[in-house]
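Participant: Dropping in entry-v2.cif, with mmCIF, C-alpha atoms.
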data_target
#
loop_
_atom_site.label_atom_id
_atom_site.label_comp_id
_atom_site.auth_asym_id
_atom_site.auth_seq_id
_atom_site.Cartn_x
_atom_site.Cartn_y
_atom_site.Cartn_z
CA MET Y 1 86.19 113.93 160.36
CA ASN Y 2 86.75 115.52 156.94
CA GLN Y 3 89.05 113.98 154.37
CA ILE Y 4 91.96 115.64 152.60
CA ASP Y 5 91.74 115.81 148.81
CA VAL Y 6 94.88 115.53 146.70
CA ILE Y 7 95.93 117.04 143.39
CA LEU Y 8 99.09 115.83 141.66
CA GLY Y 9 100.80 115.37 138.34
CA LEU Y 10 100.75 111.96 136.64
CA GLN Y 11 103.64 112.47 134.21
CA TRP Y 12 107.13 114.01 134.55
CA GLY Y 13 105.90 117.32 136.00
CA ASP Y 14 104.73 120.48 134.20
CA GLU Y 15 101.18 119.11 133.81
CA GLY Y 16 99.53 122.43 134.68
CA LYS Y 17 98.71 121.71 138.35
CA GLY Y 18 98.84 125.39 139.40
CA LYS Y 19 95.88 126.46 137.30
CA ILE Y 20 93.74 123.53 138.48
CA VAL Y 21 94.60 124.13 142.15
CA ASP Y 22 93.70 127.81 141.68
CA TYR Y 23 90.35 126.80 140.13
CA LEU Y 24 89.52 124.22 142.83
CA ALA Y 25 90.77 126.37 145.73
CA ASN Y 26 87.45 128.19 146.09
CA SER Y 27 85.86 124.95 147.33
CA TYR Y 28 88.43 124.56 150.15
CA ASP Y 29 89.46 126.30 153.37
CA ILE Y 30 93.16 125.31 153.20
CA VAL Y 31 95.63 124.50 150.40
CA ALA Y 32 98.74 122.66 151.61
CA ARG Y 33 101.95 121.93 149.66
CA PHE Y 34 103.27 118.53 150.77
CA GLN Y 35 106.68 118.00 149.10
CA GLY Y 36 109.37 119.36 146.81
CA GLY Y 37 111.03 122.73 146.85
CA PRO Y 38 111.70 125.72 144.61
CA ASN Y 39 112.41 123.31 141.72
CA ALA Y 40 108.62 123.51 141.26
CA GLY Y 41 107.15 126.14 138.97
CA HIS Y 42 103.37 126.46 139.13
CA THR Y 43 102.16 128.95 136.52
CA LEU Y 44 98.82 130.76 136.87
CA LYS Y 45 97.26 133.21 134.41
CA PHE Y 46 94.36 135.52 135.20
CA GLY Y 47 93.45 139.20 134.94
CA GLY Y 48 95.88 139.46 132.03
CA ASN Y 49 98.82 138.64 134.33
CA LYS Y 50 101.08 135.60 134.63
CA TYR Y 51 102.36 134.38 138.01
CA VAL Y 52 104.90 131.63 138.71
CA LEU Y 53 104.94 130.12 142.21
CA HIS Y 54 107.88 128.01 143.42
CA THR Y 55 107.22 127.44 147.14
CA VAL Y 56 103.96 129.22 147.94
CA PRO Y 57 100.84 127.03 147.48
CA SER Y 58 98.67 127.91 144.45
CA GLY Y 59 95.70 128.84 146.66
CA ILE Y 60 97.35 132.12 147.67
CA PHE Y 61 95.41 134.19 145.09
CA ARG Y 62 92.05 133.23 146.63
CA GLU Y 63 91.20 135.69 149.39
CA ASN Y 64 90.57 134.29 152.89
CA LEU Y 65 92.11 130.94 151.95
CA ILE Y 66 94.76 129.57 154.33
CA ASN Y 67 97.92 128.19 152.64
CA LEU Y 68 100.32 125.83 154.40
CA ILE Y 69 103.88 124.91 153.41
CA GLY Y 70 104.10 121.39 154.86
CA ASN Y 71 106.97 119.60 156.59
CA GLY Y 72 107.74 117.57 153.42
CA VAL Y 73 108.75 120.75 151.59
CA VAL Y 74 112.34 122.04 151.45
CA LEU Y 75 112.45 125.82 151.60
CA ASP Y 76 115.06 128.26 150.30
CA PRO Y 77 114.47 131.52 152.25
CA VAL Y 78 116.03 133.59 149.40
CA VAL Y 79 113.72 132.24 146.67
CA PHE Y 80 110.84 132.44 149.12
CA GLN Y 81 111.54 136.10 149.88
CA ARG Y 82 111.55 136.93 146.14
CA GLU Y 83 108.20 135.17 145.76
CA LEU Y 84 106.67 137.08 148.68
CA ARG Y 85 107.90 140.40 147.28
CA SER Y 86 106.30 139.61 143.95
CA LEU Y 87 103.02 138.80 145.75
CA GLU Y 88 103.25 142.13 147.59
CA GLN Y 89 103.75 143.97 144.29
CA SER Y 90 100.59 142.26 143.01
CA GLN Y 91 98.79 143.49 146.15
CA VAL Y 92 98.13 139.95 147.39
CA ASN Y 93 97.47 140.05 151.12
CA PHE Y 94 99.12 136.87 152.41
CA ARG Y 95 100.63 137.75 155.82
CA HIS Y 96 98.08 135.93 157.99
CA ARG Y 97 97.12 133.33 155.38
CA LEU Y 98 100.49 131.72 154.71
CA MET Y 99 101.72 129.27 157.35
CA VAL Y 100 105.04 127.43 157.40
CA ALA Y 101 105.48 124.05 159.11
CA ARG Y 102 108.34 124.15 161.62
CA LYS Y 103 109.52 120.72 160.45
CA ALA Y 104 110.09 121.84 156.83
CA HIS Y 105 113.81 121.71 156.01
CA LEU Y 106 115.88 124.74 155.00
CA ILE Y 107 118.04 124.95 151.87
CA LEU Y 108 121.38 126.54 152.79
CA PRO Y 109 123.68 128.41 150.36
CA THR Y 110 126.15 125.51 150.65
CA HIS Y 111 123.40 123.08 149.56
CA ARG Y 112 123.22 124.97 146.25
CA TRP Y 113 127.02 124.99 146.00
CA LEU Y 114 127.09 121.20 146.56
CA ASP Y 115 124.36 120.72 143.95
CA ALA Y 116 126.34 122.64 141.31
CA ALA Y 117 129.64 120.87 142.15
CA SER Y 118 128.04 117.42 142.19
CA GLU Y 119 126.26 117.96 138.84
CA ALA Y 120 129.48 119.33 137.25
CA HIS Y 121 131.35 116.25 138.51
CA LYS Y 122 128.88 113.89 136.78
CA GLY Y 123 129.75 115.21 133.32
CA LYS Y 124 127.70 113.31 130.73
CA ALA Y 125 125.87 111.34 133.42
CA LYS Y 126 124.06 114.48 134.66
CA ILE Y 127 120.51 113.87 135.92
CA GLY Y 128 119.39 117.36 134.89
CA SER Y 129 119.19 118.88 138.38
CA THR Y 130 117.63 122.37 138.61
CA LEU Y 131 120.69 123.27 140.81
CA LYS Y 132 118.42 124.66 143.53
CA GLY Y 133 120.06 122.59 146.29
CA ILE Y 134 117.05 120.26 146.59
CA GLY Y 135 118.95 116.93 146.44
CA PRO Y 136 121.65 117.87 148.99
CA THR Y 137 118.95 119.22 151.36
CA TYR Y 138 116.97 115.96 151.26
CA MET Y 139 120.28 114.07 151.71
CA ASP Y 140 120.92 116.03 154.91
CA LYS Y 141 117.34 115.36 156.00
CA THR Y 142 117.73 111.58 155.66
CA GLY Y 143 121.34 111.81 156.94
CA ARG Y 144 119.93 113.47 160.10
CA ASN Y 145 122.00 116.64 159.71
CA GLY Y 146 119.34 119.00 158.37
CA LEU Y 147 118.28 122.42 159.59
CA ARG Y 148 114.55 123.01 159.92
CA VAL Y 149 112.38 126.13 159.85
CA GLY Y 150 111.67 125.77 163.58
CA ASP Y 151 115.42 125.84 164.31
CA VAL Y 152 115.56 129.55 163.43
CA GLU Y 153 113.62 130.19 166.68
CA LEU Y 154 116.31 128.45 168.78
CA PRO Y 155 119.25 130.21 170.50
CA THR Y 156 121.58 127.52 169.07
CA PHE Y 157 120.57 128.21 165.44
CA ARG Y 158 123.79 129.96 164.37
CA ASP Y 159 125.94 127.18 165.86
CA GLN Y 160 123.86 124.53 164.05
CA TYR Y 161 124.23 126.50 160.82
CA GLU Y 162 128.01 126.82 161.13
CA ALA Y 163 128.40 123.10 161.92
CA LEU Y 164 126.41 122.09 158.81
CA LYS Y 165 128.27 124.61 156.64
CA ALA Y 166 131.63 123.20 157.82
CA LYS Y 167 130.46 119.68 156.91
CA HIS Y 168 129.46 120.88 153.42
CA ILE Y 169 132.79 122.63 152.84
CA GLU Y 170 134.56 119.40 153.79
CA LEU Y 171 132.37 117.49 151.31
CA LEU Y 172 133.06 120.01 148.52
CA ARG Y 173 136.72 118.91 148.50
CA ILE Y 174 135.82 115.72 146.64
CA TYR Y 175 134.31 117.68 143.74
CA PRO Y 176 135.87 119.84 141.03
CA GLU Y 177 135.84 123.55 141.86
CA VAL Y 178 132.85 125.58 140.71
CA SER Y 179 132.66 129.32 141.25
CA PHE Y 180 130.40 130.26 144.17
CA ASP Y 181 130.41 133.50 146.17
CA LEU Y 182 129.70 132.02 149.61
CA ALA Y 183 130.09 135.25 151.60
CA GLY Y 184 127.73 137.11 149.27
CA GLU Y 185 125.18 134.28 149.20
CA GLU Y 186 125.27 133.93 153.00
CA LYS Y 187 124.61 137.65 153.49
CA ILE Y 188 121.46 137.45 151.30
CA TRP Y 189 120.41 134.19 152.99
CA PHE Y 190 120.53 135.57 156.55
CA GLU Y 191 118.69 138.72 155.46
CA SER Y 192 115.97 136.58 153.87
CA LEU Y 193 115.48 134.73 157.18
CA ASP Y 194 114.12 137.99 158.60
CA THR Y 195 111.32 137.85 156.02
CA LEU Y 196 110.65 134.19 156.83
CA ARG Y 197 110.34 135.04 160.54
CA THR Y 198 107.48 137.48 159.80
CA LEU Y 199 105.21 134.56 158.83
CA PRO Y 200 103.33 132.33 161.28
CA PHE Y 201 105.25 129.09 162.03
CA VAL Y 202 103.01 126.15 162.94
CA ASP Y 203 103.38 122.54 164.04
CA GLY Y 204 102.05 121.40 160.69
CA GLU Y 205 100.84 117.94 161.70
CA TYR Y 206 98.73 119.31 164.58
CA PHE Y 207 97.56 122.26 162.49
CA ILE Y 208 96.29 120.05 159.66
CA ASN Y 209 94.68 117.37 161.85
CA GLU Y 210 92.95 119.94 164.06
CA ALA Y 211 91.66 121.66 160.91
CA LEU Y 212 90.25 118.34 159.65
CA ALA Y 213 88.68 117.61 163.05
CA SER Y 214 86.98 121.00 163.06
CA GLY Y 215 85.37 120.32 159.67
CA LYS Y 216 87.74 122.32 157.46
CA SER Y 217 88.17 121.18 153.86
CA ILE Y 218 91.78 120.75 152.69
CA LEU Y 219 93.41 120.35 149.30
CA ALA Y 220 96.93 118.89 149.25
CA GLU Y 221 99.04 120.19 146.36
CA GLY Y 222 101.93 118.20 144.90
CA ALA Y 223 104.94 119.45 142.95
CA GLN Y 224 106.79 117.77 140.07
CA GLY Y 225 105.16 114.61 138.67
CA SER Y 226 104.62 110.99 139.70
CA MET Y 227 107.28 109.71 137.27
CA LEU Y 228 109.84 111.74 139.23
CA ASP Y 229 108.99 110.01 142.54
CA ILE Y 230 112.16 108.91 144.38
CA ASP Y 231 110.81 105.35 144.82
CA PHE Y 232 108.62 104.76 141.77
CA GLY Y 233 109.91 107.18 139.14
CA THR Y 234 112.50 106.62 136.40
CA TYR Y 235 115.36 106.24 138.91
CA PRO Y 236 117.97 107.74 139.03
CA PHE Y 237 116.43 110.49 136.84
CA VAL Y 238 114.03 111.47 139.62
CA THR Y 239 113.56 114.15 142.26
CA SER Y 240 114.43 113.60 145.95
CA SER Y 241 110.92 113.36 147.41
CA ASN Y 242 107.78 111.23 147.20
CA THR Y 243 105.64 112.99 144.61
CA ILE Y 244 102.78 110.44 144.80
CA THR Y 245 99.73 110.36 147.10
CA ALA Y 246 101.73 108.50 149.78
CA GLY Y 247 103.81 111.68 150.10
CA VAL Y 248 100.75 113.52 151.43
CA CYS Y 249 100.79 111.35 154.57
CA THR Y 250 104.49 111.90 155.30
CA GLY Y 251 104.62 115.46 153.93
CA LEU Y 252 101.72 116.79 156.01
CA GLY Y 253 101.39 114.30 158.86
CA VAL Y 254 97.99 112.80 158.01
CA ALA Y 255 96.89 109.16 158.21
CA PRO Y 256 96.18 107.23 154.96
CA GLN Y 257 92.44 106.90 155.71
CA ARG Y 258 92.19 110.72 155.72
CA VAL Y 259 92.84 110.84 151.95
CA GLY Y 260 89.65 111.47 149.94
CA ARG Y 261 89.50 112.46 146.27
CA VAL Y 262 92.71 112.05 144.29
CA ILE Y 263 92.73 114.28 141.21
CA GLY Y 264 95.40 113.26 138.72
CA ILE Y 265 96.54 115.73 136.06
CA THR Y 266 97.89 114.77 132.65
CA LYS Y 267 98.66 116.80 129.57
CA ALA Y 268 97.04 115.76 126.28
CA TYR Y 269 100.58 114.79 125.27
CA CYS Y 270 103.81 114.21 127.21
CA THR Y 271 106.84 116.32 128.17
CA ARG Y 272 110.02 115.90 130.15
CA VAL Y 273 112.80 118.31 131.22
CA GLY Y 274 116.43 117.21 131.51
CA GLY Y 275 117.82 113.69 131.18
CA GLY Y 276 116.17 110.31 131.63
CA PRO Y 277 114.03 107.84 129.68
CA PHE Y 278 111.02 109.07 127.72
CA PRO Y 279 109.49 106.23 125.64
CA THR Y 280 107.13 108.35 123.48
CA GLU Y 281 109.58 111.20 122.82
CA LEU Y 282 109.32 112.67 119.31
CA ASP Y 283 112.77 113.90 118.42
CA ASN Y 284 111.51 115.24 115.09
CA GLU Y 285 109.37 117.90 113.43
CA THR Y 286 106.22 116.75 115.27
CA GLY Y 287 107.98 117.03 118.65
CA GLU Y 288 109.21 120.50 117.69
CA LYS Y 289 105.66 121.48 116.68
CA LEU Y 290 104.35 120.30 120.08
CA ARG Y 291 107.08 122.29 121.86
CA THR Y 292 106.37 125.50 119.92
CA GLU Y 293 102.57 125.26 120.08
CA GLY Y 294 102.60 124.28 123.78
CA GLN Y 295 105.30 126.85 124.68
CA GLU Y 296 107.15 124.02 126.36
CA PHE Y 297 109.94 125.78 128.21
CA GLY Y 298 110.54 125.21 131.94
CA SER Y 299 108.85 127.77 134.23
CA THR Y 300 111.71 127.36 136.75
CA THR Y 301 114.72 126.86 134.46
CA GLY Y 302 113.55 128.11 131.05
CA ARG Y 303 114.95 124.91 129.52
CA PRO Y 304 113.19 123.56 126.39
CA ARG Y 305 111.11 120.51 127.29
CA ARG Y 306 111.32 117.25 125.39
CA CYS Y 307 107.93 116.45 123.83
CA GLY Y 308 106.07 113.32 122.72
CA TRP Y 309 102.64 111.71 122.43
CA ILE Y 310 100.60 110.72 125.50
CA ASP Y 311 101.78 107.46 127.11
CA LEU Y 312 98.97 105.23 128.43
CA PRO Y 313 101.09 102.44 130.04
CA GLN Y 314 102.87 105.20 131.95
CA LEU Y 315 99.56 106.82 132.98
CA ARG Y 316 98.00 103.51 134.06
CA TYR Y 317 101.07 102.99 136.27
CA THR Y 318 100.76 106.37 138.02
CA ILE Y 319 96.96 106.11 138.31
CA MET Y 320 97.52 102.80 140.14
CA LEU Y 321 100.26 104.22 142.43
CA ASN Y 322 98.22 107.28 143.36
CA GLY Y 323 94.75 105.76 143.71
CA VAL Y 324 93.44 108.38 141.26
CA THR Y 325 89.66 108.86 141.50
CA GLU Y 326 89.28 111.44 138.71
CA LEU Y 327 91.38 112.88 135.90
CA CYS Y 328 92.03 116.31 134.51
CA MET Y 329 93.48 116.83 131.03
CA THR Y 330 95.38 120.04 130.33
CA LYS Y 331 96.67 121.59 127.09
CA ILE Y 332 94.23 119.77 124.80
CA ASP Y 333 94.17 123.03 122.79
CA VAL Y 334 97.83 122.42 121.81
CA LEU Y 335 96.57 119.52 119.66
CA ASN Y 336 94.18 121.79 117.69
CA ILE Y 337 96.61 122.05 114.75
CA PHE Y 338 97.46 118.35 114.36
CA ALA Y 339 95.84 116.29 111.57
CA GLU Y 340 96.71 113.10 113.47
CA ILE Y 341 97.31 112.54 117.19
CA GLY Y 342 99.16 109.58 118.68
CA ALA Y 343 98.79 107.69 121.95
CA ALA Y 344 101.05 104.85 123.13
CA THR Y 345 98.82 101.94 124.22
CA ARG Y 346 101.45 99.27 125.01
CA TYR Y 347 105.23 98.76 125.12
CA ARG Y 348 107.33 96.27 123.17
CA TYR Y 349 110.35 94.97 125.09
CA GLY Y 350 112.02 91.68 126.02
CA GLY Y 351 110.55 89.96 122.95
CA GLY Y 352 106.89 90.69 123.77
CA GLU Y 353 104.17 93.33 124.15
CA HIS Y 354 103.39 94.58 127.65
CA SER Y 355 101.05 96.98 129.38
CA ASN Y 356 103.36 97.18 132.44
CA LEU Y 357 106.45 99.34 132.74
CA PRO Y 358 109.73 97.38 132.99
CA PHE Y 359 111.70 97.47 136.28
CA ASP Y 360 114.28 99.84 134.82
CA LEU Y 361 113.12 102.10 132.00
CA CYS Y 362 116.65 103.58 131.82
CA HIS Y 363 118.25 100.35 130.62
CA THR Y 364 115.38 98.59 128.84
CA ASP Y 365 114.96 99.18 125.14
CA VAL Y 366 111.29 100.10 124.96
CA GLU Y 367 109.34 100.59 121.75
CA PRO Y 368 105.88 102.14 122.21
CA VAL Y 369 102.94 100.74 120.23
CA PHE Y 370 100.91 103.71 118.96
CA LYS Y 371 97.25 104.18 118.19
CA TYR Y 372 96.40 107.22 116.05
CA PHE Y 373 93.37 109.49 116.25
CA LYS Y 374 91.99 111.92 113.69
CA GLY Y 375 92.65 115.54 114.71
CA TRP Y 376 89.88 118.15 114.95
CA ASN Y 377 91.72 121.09 113.36
CA ALA Y 378 89.55 123.67 115.11
CA SER Y 379 89.90 126.20 117.92
CA LEU Y 380 88.42 125.25 121.31
CA ASP Y 381 88.06 128.89 122.41
CA GLY Y 382 84.77 129.66 124.09
CA ILE Y 383 83.83 125.98 124.53
CA THR Y 384 82.53 125.43 128.06
CA SER Y 385 80.89 122.00 127.85
CA PHE Y 386 82.09 118.53 126.88
CA ASP Y 387 79.27 118.06 124.36
CA ALA Y 388 80.29 121.24 122.53
CA LEU Y 389 83.79 119.88 121.82
CA PRO Y 390 84.51 118.78 118.22
CA ARG Y 391 83.49 115.16 117.62
CA GLU Y 392 87.11 114.06 117.14
CA ALA Y 393 88.18 115.66 120.45
CA ARG Y 394 85.36 113.85 122.27
CA ALA Y 395 86.37 110.55 120.61
CA PHE Y 396 90.00 111.06 121.72
CA LEU Y 397 88.97 111.78 125.35
CA GLU Y 398 86.43 108.94 125.53
CA ASP Y 399 89.01 106.47 124.22
CA MET Y 400 91.51 107.68 126.88
CA GLU Y 401 88.87 107.23 129.61
CA MET Y 402 88.09 103.71 128.44
CA GLN Y 403 91.77 102.70 128.37
CA LEU Y 404 92.62 104.34 131.71
CA GLY Y 405 89.47 103.31 133.57
CA VAL Y 406 89.07 106.71 135.26
CA PRO Y 407 86.82 109.61 134.14
CA PHE Y 408 88.04 113.03 132.95
CA ARG Y 409 86.21 115.50 135.19
CA MET Y 410 88.07 118.57 133.93
CA ILE Y 411 89.48 119.52 130.54
CA SER Y 412 91.62 122.64 130.27
CA THR Y 413 91.43 124.39 126.88
CA GLY Y 414 94.02 127.12 127.55
CA PRO Y 415 96.24 128.60 130.29
CA GLU Y 416 93.72 131.23 131.45
CA ARG Y 417 91.61 130.67 134.55
CA GLU Y 418 88.29 130.66 132.65
CA LYS Y 419 89.34 128.17 129.94
CA LEU Y 420 88.14 125.04 131.70
CA ILE Y 421 85.44 122.49 130.95
CA VAL Y 422 84.05 120.90 134.12
CA ARG Y 423 81.94 117.77 133.78
#
Taking this structure as input, can you express it in the form of structure tokens?

Facilitator:
Amino acid sequence: MNQIDVILGLQWGDEGKGKIVDYLANSYDIVARFQGGPNAGHTLKFGGNKYVLHTVPSGIFRENLINLIGNGVVLDPVVFQRELRSLEQSQVNFRHRLMVARKAHLILPTHRWLDAASEAHKGKAKIGSTLKGIGPTYMDKTGRNGLRVGDVELPTFRDQYEALKAKHIELLRIYPEVSFDLAGEEKIWFESLDTLRTLPFVDGEYFINEALASGKSILAEGAQGSMLDIDFGTYPFVTSSNTITAGVCTGLGVAPQRVGRVIGITKAYCTRVGGGPFPTELDNETGEKLRTEGQEFGSTTGRPRRCGWIDLPQLRYTIMLNGVTELCMTKIDVLNIFAEIGAATRYRYGGGEHSNLPFDLCHTDVEPVFKYFKGWNASLDGITSFDALPREARAFLEDMEMQLGVPFRMISTGPEREKLIVR
């Protein structure tokens, strides 16, 4: 039986997974999203156009490729409908190539209302939620109250909906009031369900295992980054799902021994959106330069991202958690203008130097130990092989490989589809 390959982010999200999935997709029959919701923003650039996907897997632009939204995903039918309309405008034929797992959970309008009220209530202790209703939806999933995609096929669906809505309205009483037009949002939500119903619903776990048994090749696509994992991320500044390789098993219904290649993506530097610890953050001119050069603004929220040098203790941690077999570095071109480039090699905390992350990064005073590399001060445009890279860029990458113990198989030199070095 075939194995399922995995692609995921090794930092705090925004590593450029969409472009790499789009590139790799041609070698696969199926691309499957395994977790997260419309808080994801996977940006792809080709043919002079820019596309941002929130729920739809990044394999959708490859003709004949099947795309599956797995049971680990939470789906907002309104956001989803907007995405599908944008695909239609781009003349992407997706109708028979986009499957939705019946066990994926639905984001209700009241989930978004709860998200906004809860975040407003936290005041300064905000976790930086995207306010898409993701957290409350996963809370209902684990609280065994959730509504699933397959429920829309049942005659009892409206009753289930009303019961969950009533529970949410009861809950909202504990929070400060935030303005929310429930009647208007509900009208749009129920209309968007009609669009959802036009797609094929599948029992995702059977669909994916039967595909593997029949020799189909599958790429599992993650959203967010490993440092936002609910169990192993910088808790509580995390997302509500398992963003690591383990999430593939629960988010698609495949056994651990079915996992094959694990492709981990890291930027050539580090970014983070919203609150939470960020040991290598550069809250200075250099950080601002990284942000401007890398156009570091959230593809879902538009928020400016916090920027800093690459963090090797953090990467070693996520490589270990994910069982990464090969690495991909994105945005190395952003470093073209820097005379000197930093990389954190160890952390100082608790009176010593460590290569491990402390139990709680939020409450441990961590000082990164930096190593500096000479910049290459040259454009990487048109470079298609590793050997053609400037000597300093090769030295930087080779040092990273040595310290991380995993090879870089791909190096992205720009956002466009063709700007990729494959080794």

Participant: The PyMOL selection byres ((chain Y and resi 51-62) around 8) - which residues does that actually catch in the file I just gave you? List them as a PyMOL selection string.

Facilitator: chain Y and resi 18-19+21-22+25-26+30-33+37-45+49-50+63-69+75+79-80+83+92+94+97-98+221+299-300

Participant: I need the residue nearest Leu327 (chain Y) from this list: Y:Pro176, Y:Gly233, Y:Gly150, Y:Gly405. Use only C-alpha atoms for the distance.

Facilitator: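 Looking at the shortest contact to Leu327 (chain Y), the residue is Y:Gly405.
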
Participant: Evaluated on this file, the PyMOL selection byres ((chain Y and resi 393) around 10) picks out some residues - which ones are they, written as an MDAnalysis selection string?

Facilitator: chainID Y and resid 332:333 335:336 373:378 380 386 388:392 394:399

Participant: Taking only C-alpha atoms into account, which of Y:Glu88, Y:Arg261, Y:Tyr317, Y:Arg272 comes nearest Gly298 (chain Y)?

Facilitator: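 Closest to Gly298 (chain Y), using only C-alpha atoms: Y:Arg272.
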
Participant: How far is it from CA of Arg158 (chain Y) to CA of Ser179 (chain Y), in Å with one decimal?

Facilitator: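 Going from CA of Arg158 (chain Y) over to CA of Ser179 (chain Y) covers 24.8 Å.
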
Participant: I'd like to know which of Y:Glu205, Y:Gln35, Y:Lys132, Y:Val324 is closest to Ile230 (chain Y), using all atoms listed in the file.

Facilitator: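 Once distances to Ile230 (chain Y) are computed over all atoms listed in the file, the minimum belongs to Y:Gln35.
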
Participant: In Å, with one decimal, what is the gap from CA of Arg409 (chain Y) to CA of Gln11 (chain Y)?

Facilitator: 17.7 Å

Participant: So which one's closest to Thr413 (chain Y), Y:Asp387, Y:Asp381, Y:Glu293, Y:Glu401? Using all atoms listed in the file, please.

Facilitator: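 Of Y:Asp387, Y:Asp381, Y:Glu293, Y:Glu401, the one nearest Thr413 (chain Y), counting all atoms listed in the file, is Y:Asp381.
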
Participant: Care to translate the PyMOL selection byres ((chain Y and resi 109) around 9) into actual residues of this file, as a PyMOL selection string?

Facilitator: chain Y and resi 76+107-108+110-114+133+165+182+185-186+189

Participant: Between CA of Tyr138 (chain Y) and CA of Ala101 (chain Y), what distance in Å does the model show, to one decimal?

Facilitator: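 Straight-line distance from CA of Tyr138 (chain Y) to CA of Ala101 (chain Y) works out to 16.1 Å.
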
Participant: Show me, as number ranges by chain, the residues that have an atom within 6 Å of Ala104 (chain Y) when counting all atoms listed in the file, minus same-chain residues fewer than 4 positions from it.

Facilitator: Y: 71-74, 148-149

Participant: For the point (84.9, 114.7, 138.3) in file coordinates, what residues are within 9 Å, counting only C-alpha atoms? Give the answer as a count of residues only?

Facilitator: 11

Participant: Show me, as a compact mmCIF listing (two decimals) with C-alpha atoms, in the frame of the given file, the residues that have an atom within 12 Å of Thr292 (chain Y) when counting all atoms listed in the file, minus same-chain residues fewer than 5 positions from it.

Facilitator:
# COMPACT_ATOMS: atom_id res chain seq x y z
CA GLU Y 285 109.37 117.90 113.43
CA THR Y 286 106.22 116.75 115.27
CA GLY Y 287 107.98 117.03 118.65
CA PHE Y 297 109.94 125.78 128.21
CA PRO Y 304 113.19 123.56 126.39
CA ARG Y 305 111.11 120.51 127.29
CA ARG Y 306 111.32 117.25 125.39
CA CYS Y 307 107.93 116.45 123.83
CA VAL Y 334 97.83 122.42 121.81
CA LEU Y 335 96.57 119.52 119.66
CA ILE Y 337 96.61 122.05 114.75

Participant: Can you patch up region 302-313 of chain Y, filling it in to N, CA and C atoms, and show the result as an mmCIF file, in the coordinates of the input?

Facilitator:
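Contents of part-v1.cif, as written:
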data_model
loop_
_atom_site.group_PDB
_atom_site.id
_atom_site.type_symbol
_atom_site.label_atom_id
_atom_site.label_comp_id
_atom_site.auth_asym_id
_atom_site.auth_seq_id
_atom_site.Cartn_x
_atom_site.Cartn_y
_atom_site.Cartn_z
ATOM 1 N N GLY Y 302 113.583 127.582 132.406
ATOM 2 C CA GLY Y 302 113.550 128.110 131.050
ATOM 3 C C GLY Y 302 114.059 127.119 130.005
ATOM 4 N N ARG Y 303 114.421 125.904 130.462
ATOM 5 C CA ARG Y 303 114.950 124.910 129.520
ATOM 6 C C ARG Y 303 113.855 124.400 128.586
ATOM 7 N N PRO Y 304 114.196 124.147 127.296
ATOM 8 C CA PRO Y 304 113.190 123.560 126.390
ATOM 9 C C PRO Y 304 112.831 122.159 126.874
ATOM 10 N N ARG Y 305 111.543 121.845 126.858
ATOM 11 C CA ARG Y 305 111.110 120.510 127.290
ATOM 12 C C ARG Y 305 111.113 119.554 126.108
ATOM 13 N N ARG Y 306 111.427 118.309 126.393
ATOM 14 C CA ARG Y 306 111.320 117.250 125.390
ATOM 15 C C ARG Y 306 109.829 116.914 125.265
ATOM 16 N N CYS Y 307 109.370 116.660 124.042
ATOM 17 C CA CYS Y 307 107.930 116.450 123.830
ATOM 18 C C CYS Y 307 107.646 115.132 123.109
ATOM 19 N N GLY Y 308 106.476 114.557 123.378
ATOM 20 C CA GLY Y 308 106.070 113.320 122.720
ATOM 21 C C GLY Y 308 104.571 113.088 122.907
ATOM 22 N N TRP Y 309 104.070 112.028 122.295
ATOM 23 C CA TRP Y 309 102.640 111.710 122.430
ATOM 24 C C TRP Y 309 102.323 111.189 123.827
ATOM 25 N N ILE Y 310 101.062 111.205 124.185
ATOM 26 C CA ILE Y 310 100.600 110.720 125.500
ATOM 27 C C ILE Y 310 100.945 109.225 125.629
ATOM 28 N N ASP Y 311 101.272 108.817 126.853
ATOM 29 C CA ASP Y 311 101.780 107.460 127.110
ATOM 30 C C ASP Y 311 100.831 106.765 128.094
ATOM 31 N N LEU Y 312 99.997 105.859 127.585
ATOM 32 C CA LEU Y 312 98.970 105.230 128.430
ATOM 33 C C LEU Y 312 99.518 104.176 129.397
ATOM 34 N N PRO Y 313 100.511 103.342 129.024
ATOM 35 C CA PRO Y 313 101.090 102.440 130.040
ATOM 36 C C PRO Y 313 101.653 103.232 131.224
#
